[in-house]
Amino acid sequence: MGVNSLAKTCEPLEEPWNEHGGCSFQASSGYLRYYKAAILQDLFQQSCGMEVLIMKSLKSRLSLTILVIVLLTVGIISIFSNYFINKQFTDYLSKQQELKTQVITSSISNMYSTFTDTWNMDYIHAVGMNSLYEGYIIKVYDKDNQIIWDAQSHNMTLCNQIMDDISNRMQIQYPQMNGEFTAVNYPLTLEGETIGSVSISYFGPFFLNENDFEFLHSLNTILVSVGLVSLIVSAIVGQILAKRISQPILKTVEVTKQIADGNYEVRLEEDTNTIELNMLVDSINHLAVSLETLEQLRKQLTEDVAHELRTPISILGSYLEAMTDGVWEPTEERLGSCYDEVMRMGKLVGDLEKLAKIESQNLKLDRQWIDLYEIVDKIVHNFQGEIANKQLQVSIDGPHTSLMADQNRLSQVVVNLISNAVKYSKEGSSISVILFETEDTAGFHVQDHGIGISEEELPYIFERFYRADKSRNRATGGSGIGLTIVKAIVEAHGGRVSVESNRDEGSKFTVILPKE
């Protein structure tokens with residue numbers, strides 16, 4: 001959307017711009033109109049962009065993002081937890097198998113009596129059956145390698161059933177392991193003497209009994225439950241968080257729409273406890289204040305230009321009408337008055353043209369090394385007539401500073417500031433021009449002891465047509481463009497201008513420029 005099309009769609013821009021003055025007013029007000037339209041255009045586009053984002057459901061996106069992040073996090077944690085727990089558990093089971101074989105071997109060894117050279121067969125039977133139920137099938141040999149107890153011989157059916165149960169269970173739970181029952185022989189020793197051996201068969205490299213599988217199943221159930229609870233909690237938290245974030249954004253969109261429609265008094269009063277959202281709220285409120293001020297300046301501009309043009313046009317119209325009707329003779333004095341009014345309008349148009357050229361991005365500065373002190377001294381000398389009429393004391397202090405600048409443009413700055421100081425100074429008072437420099441900058445102060453500027457008017461003193469002299473007395477006030485030109489020239493040089501003033505105490509203007 002272009003500036004012109006936006007201006008047509010925004011009601012506040014539909015103003016009778018040509019009602020109070022011709023082409024010069026159009027030229028001057030074009031800047032405010034352009035800036036206002038550009039700001040509103042940018043604001044409207046941003047608002048639309050924000051609204052589209054909201055229409056795509058910020059709450060849903062944020063909630064979904066949180067859900068995905070939590071799901072991935074819980075999933076990754078669950079996978080790694082399951083992997084490491086299973087690995088640690090299987091390592092633990094392998095160690096337990098080794099420990100179990102040691103216990104079996106030690107228990108059977110203690111059942112041999114060296115005095116009688118006999119075995120406690122009842123106890124060996126108890127150890128063997130207990131081991132069988134735990135998945136260990138044993139055969140006990142004496143020192144002559146004769147079988148003294150065999151679990152398979154004792155109960156072949158039970159052994160086969162246990163072996164089949166363990167094999168099937170492990171094949172289902174760990175199909176990639178390809179385990180099988182393996183028999184390992186361990187010597188039986190007592191007091192350092194070999195008394196026999198034991199063959200222990202078990203499923204390797206490890207196996208889990210029913211209790212072990214129940215433990216792992218319970219652990220996996222807990223992990224899945226934690227994941228589901230985390231997802232539910234994250235969904236609720238995501239909805240709450242998304243709502244808290246989206247609400248101020250939706251209100252911001254609504255406020256920007258009202259601002260784009262010309263309601264510059266609307267403000268956001270949101271305290272989100274979020275730095276970025278508070279910054280957004282502050283920016284929108286600042287923008288509303290800026291646009292409200294701009295609108296006030298635009299209206300003031302209409303009044304100012306109308307006032308500046310109405311008087312000379314009225315004078316010219318009445319003089320020419322009287323002379324045309326034969327009521328007045330076209331004397332030299334009357335023609336001179338008409339000429340003065342024409343010149344006054346010409347000066348206003350000329351000032352506007354200067355301002356338009358200075359503020360144009362195509363402004364080219366003819367930079368050269370100049371002596372700032374010499375420029376100030378020369379311009380102060382040119383005002384000797386006005387200075388003498390008001391019996392002013394003007395002093396120039398400071399070093400001869402050199403800087404790279406456009407001499408003609410910079411002379412305009414000094415002329416406007418000295419002219420204002422002389423114009424608004426009280427008779428018999430003093431004006432001080434103090435030059436200064438640093439390593440990279442140079443500048444000067446112009447301080448008078450005149451009527452001063454009130455604190456409320458200081459922020460607007462550099463605006464077009466703004467004059468602290470509300471009476472618009474042409475003996476003391478100009479068109480109100482001089483300080484605007486000063487600011488534009490100084491900023492075109494990469495510098496800055498500021499003012500300090502109190503009502504009825506005088507003003508102090510400061511100009512700071514880069515040396516190069």
# chains A, B, ... in the order shown; residues from 1 in each chain; ligands from 1
$ residues_around --residues "A:Asn160" --least-positions-apart "4" --cutoff "12 Å" --atoms "only C-alpha atoms" --output "PyMOL selection string"
chain A and resi 132-133+135-137+151-156+164-168+181
$ write_last_selection --atoms "C-alpha atoms" --output "PDB file, in the first residue's frame"
ATOM      1  CA  LEU A 132      16.561 -75.671  39.998  1.00  0.00           C
ATOM      2  CA  TYR A 133      13.620 -73.464  40.841  1.00  0.00           C
ATOM      3  CA  GLY A 135      16.937 -71.675  36.897  1.00  0.00           C
ATOM      4  CA  TYR A 136      20.217 -73.434  37.744  1.00  0.00           C
ATOM      5  CA  ILE A 137      20.508 -77.152  36.913  1.00  0.00           C
ATOM      6  CA  ALA A 151      18.863 -82.626  38.929  1.00  0.00           C
ATOM      7  CA  GLN A 152      17.852 -84.074  35.541  1.00  0.00           C
ATOM      8  CA  SER A 153      17.988 -87.610  36.816  1.00  0.00           C
ATOM      9  CA  HIS A 154      16.048 -86.618  39.883  1.00  0.00           C
ATOM     10  CA  ASN A 155      13.226 -84.833  37.981  1.00  0.00           C
ATOM     11  CA  MET A 156      13.724 -84.680  34.215  1.00  0.00           C
ATOM     12  CA  ASP A 164      11.662 -74.289  28.250  1.00  0.00           C
ATOM     13  CA  ASP A 165      10.033 -71.513  30.301  1.00  0.00           C
ATOM     14  CA  ILE A 166      13.277 -69.588  30.635  1.00  0.00           C
ATOM     15  CA  SER A 167      14.212 -70.034  26.954  1.00  0.00           C
ATOM     16  CA  ASN A 168      10.771 -68.955  25.714  1.00  0.00           C
ATOM     17  CA  PHE A 181      21.666 -73.073  28.325  1.00  0.00           C
TER      18      PHE A 181
END
$ atom_distance --atom1 "atom CA of A:Ile79" --atom2 "atom CA of A:Leu93"
20.7 Å
$ select_by_dssp --residues "stretch 264-341 of chain A" --states "alpha helix (DSSP H)" --output "PyMOL selection string"
chain A and resi 275-324+332-341
$ select_by_dssp --residues "stretch 19-254 of chain A" --states "strand (DSSP E)" --output "compact mmCIF listing (two decimals) with N, CA and C atoms, in the first residue's frame"
# COMPACT_ATOMS: atom_id res chain seq x y z
N TYR A 112 30.53 -81.83 52.58
CA TYR A 112 31.43 -82.99 52.57
C TYR A 112 32.12 -83.08 53.93
N SER A 113 32.19 -84.30 54.45
CA SER A 113 32.87 -84.54 55.73
C SER A 113 34.18 -85.27 55.46
N THR A 118 32.19 -88.70 53.46
CA THR A 118 30.82 -88.84 52.96
C THR A 118 30.21 -87.46 52.71
N TRP A 119 29.10 -87.49 51.95
CA TRP A 119 28.39 -86.25 51.60
C TRP A 119 27.04 -86.24 52.31
N ILE A 137 20.59 -75.69 36.92
CA ILE A 137 20.51 -77.15 36.91
C ILE A 137 21.91 -77.68 37.22
N ILE A 138 22.03 -78.42 38.31
CA ILE A 138 23.37 -78.83 38.75
C ILE A 138 23.53 -80.35 38.72
N LYS A 139 24.79 -80.71 38.56
CA LYS A 139 25.23 -82.10 38.71
C LYS A 139 26.44 -82.07 39.64
N VAL A 140 26.42 -82.93 40.65
CA VAL A 140 27.52 -82.96 41.63
C VAL A 140 28.33 -84.25 41.42
N TYR A 141 29.67 -84.09 41.33
CA TYR A 141 30.59 -85.22 41.13
C TYR A 141 31.50 -85.30 42.35
N ASP A 142 31.85 -86.55 42.70
CA ASP A 142 32.84 -86.70 43.78
C ASP A 142 34.24 -86.61 43.20
N ILE A 147 28.96 -89.32 39.61
CA ILE A 147 27.81 -88.48 39.90
C ILE A 147 27.20 -88.91 41.22
N ILE A 148 27.09 -87.93 42.10
CA ILE A 148 26.45 -88.26 43.37
C ILE A 148 25.07 -87.62 43.47
N TRP A 149 24.79 -86.60 42.63
CA TRP A 149 23.42 -86.03 42.58
C TRP A 149 23.24 -85.30 41.25
N ASP A 150 22.12 -85.58 40.54
CA ASP A 150 21.85 -84.98 39.22
C ASP A 150 20.40 -84.51 39.19
N GLU A 180 21.36 -69.42 25.18
CA GLU A 180 21.10 -70.84 25.33
C GLU A 180 21.64 -71.31 26.68
N PHE A 181 21.18 -72.50 27.08
CA PHE A 181 21.67 -73.07 28.32
C PHE A 181 23.09 -73.61 28.12
N THR A 182 23.97 -73.23 29.04
CA THR A 182 25.37 -73.65 28.96
C THR A 182 25.78 -74.23 30.31
N ALA A 183 26.53 -75.34 30.26
CA ALA A 183 27.01 -75.98 31.48
C ALA A 183 28.45 -75.57 31.74
N VAL A 184 28.72 -75.16 32.97
CA VAL A 184 30.06 -74.74 33.37
C VAL A 184 30.47 -75.58 34.60
N ASN A 185 31.68 -76.14 34.55
CA ASN A 185 32.19 -76.95 35.66
C ASN A 185 32.99 -76.10 36.63
N TYR A 186 32.71 -76.32 37.92
CA TYR A 186 33.42 -75.60 38.97
C TYR A 186 33.99 -76.63 39.95
N PRO A 187 35.23 -76.51 40.35
CA PRO A 187 35.80 -77.45 41.31
C PRO A 187 35.23 -77.24 42.71
N LEU A 188 35.11 -78.36 43.48
CA LEU A 188 34.68 -78.29 44.87
C LEU A 188 35.91 -78.51 45.74
N THR A 189 36.21 -77.55 46.58
CA THR A 189 37.39 -77.65 47.43
C THR A 189 36.99 -77.42 48.87
N LEU A 190 37.77 -78.07 49.73
CA LEU A 190 37.54 -77.89 51.16
C LEU A 190 38.91 -77.94 51.85
N GLU A 193 41.78 -78.77 49.62
CA GLU A 193 41.82 -80.08 48.97
C GLU A 193 40.61 -80.23 48.05
N THR A 194 40.83 -80.69 46.84
CA THR A 194 39.75 -80.91 45.88
C THR A 194 38.97 -82.14 46.29
N ILE A 195 37.67 -81.94 46.48
CA ILE A 195 36.83 -83.05 46.94
C ILE A 195 35.82 -83.47 45.87
N GLY A 196 35.81 -82.77 44.74
CA GLY A 196 34.89 -83.11 43.67
C GLY A 196 34.67 -81.92 42.75
N SER A 197 33.57 -81.95 42.03
CA SER A 197 33.23 -80.84 41.12
C SER A 197 31.71 -80.76 40.96
N VAL A 198 31.28 -79.62 40.44
CA VAL A 198 29.87 -79.42 40.20
C VAL A 198 29.68 -78.80 38.83
N SER A 199 28.72 -79.31 38.05
CA SER A 199 28.38 -78.76 36.74
C SER A 199 27.07 -77.98 36.88
N ILE A 200 27.16 -76.69 36.59
CA ILE A 200 25.99 -75.82 36.72
C ILE A 200 25.57 -75.34 35.33
N SER A 201 24.32 -75.66 34.95
CA SER A 201 23.78 -75.23 33.66
C SER A 201 22.80 -74.07 33.90
N TYR A 202 22.96 -72.99 33.13
CA TYR A 202 22.04 -71.85 33.23
C TYR A 202 22.00 -71.13 31.88
N PHE A 203 20.95 -70.39 31.71
CA PHE A 203 20.76 -69.69 30.44
C PHE A 203 21.71 -68.49 30.39
N GLY A 204 22.52 -68.42 29.33
CA GLY A 204 23.50 -67.34 29.23
C GLY A 204 23.31 -66.50 27.97
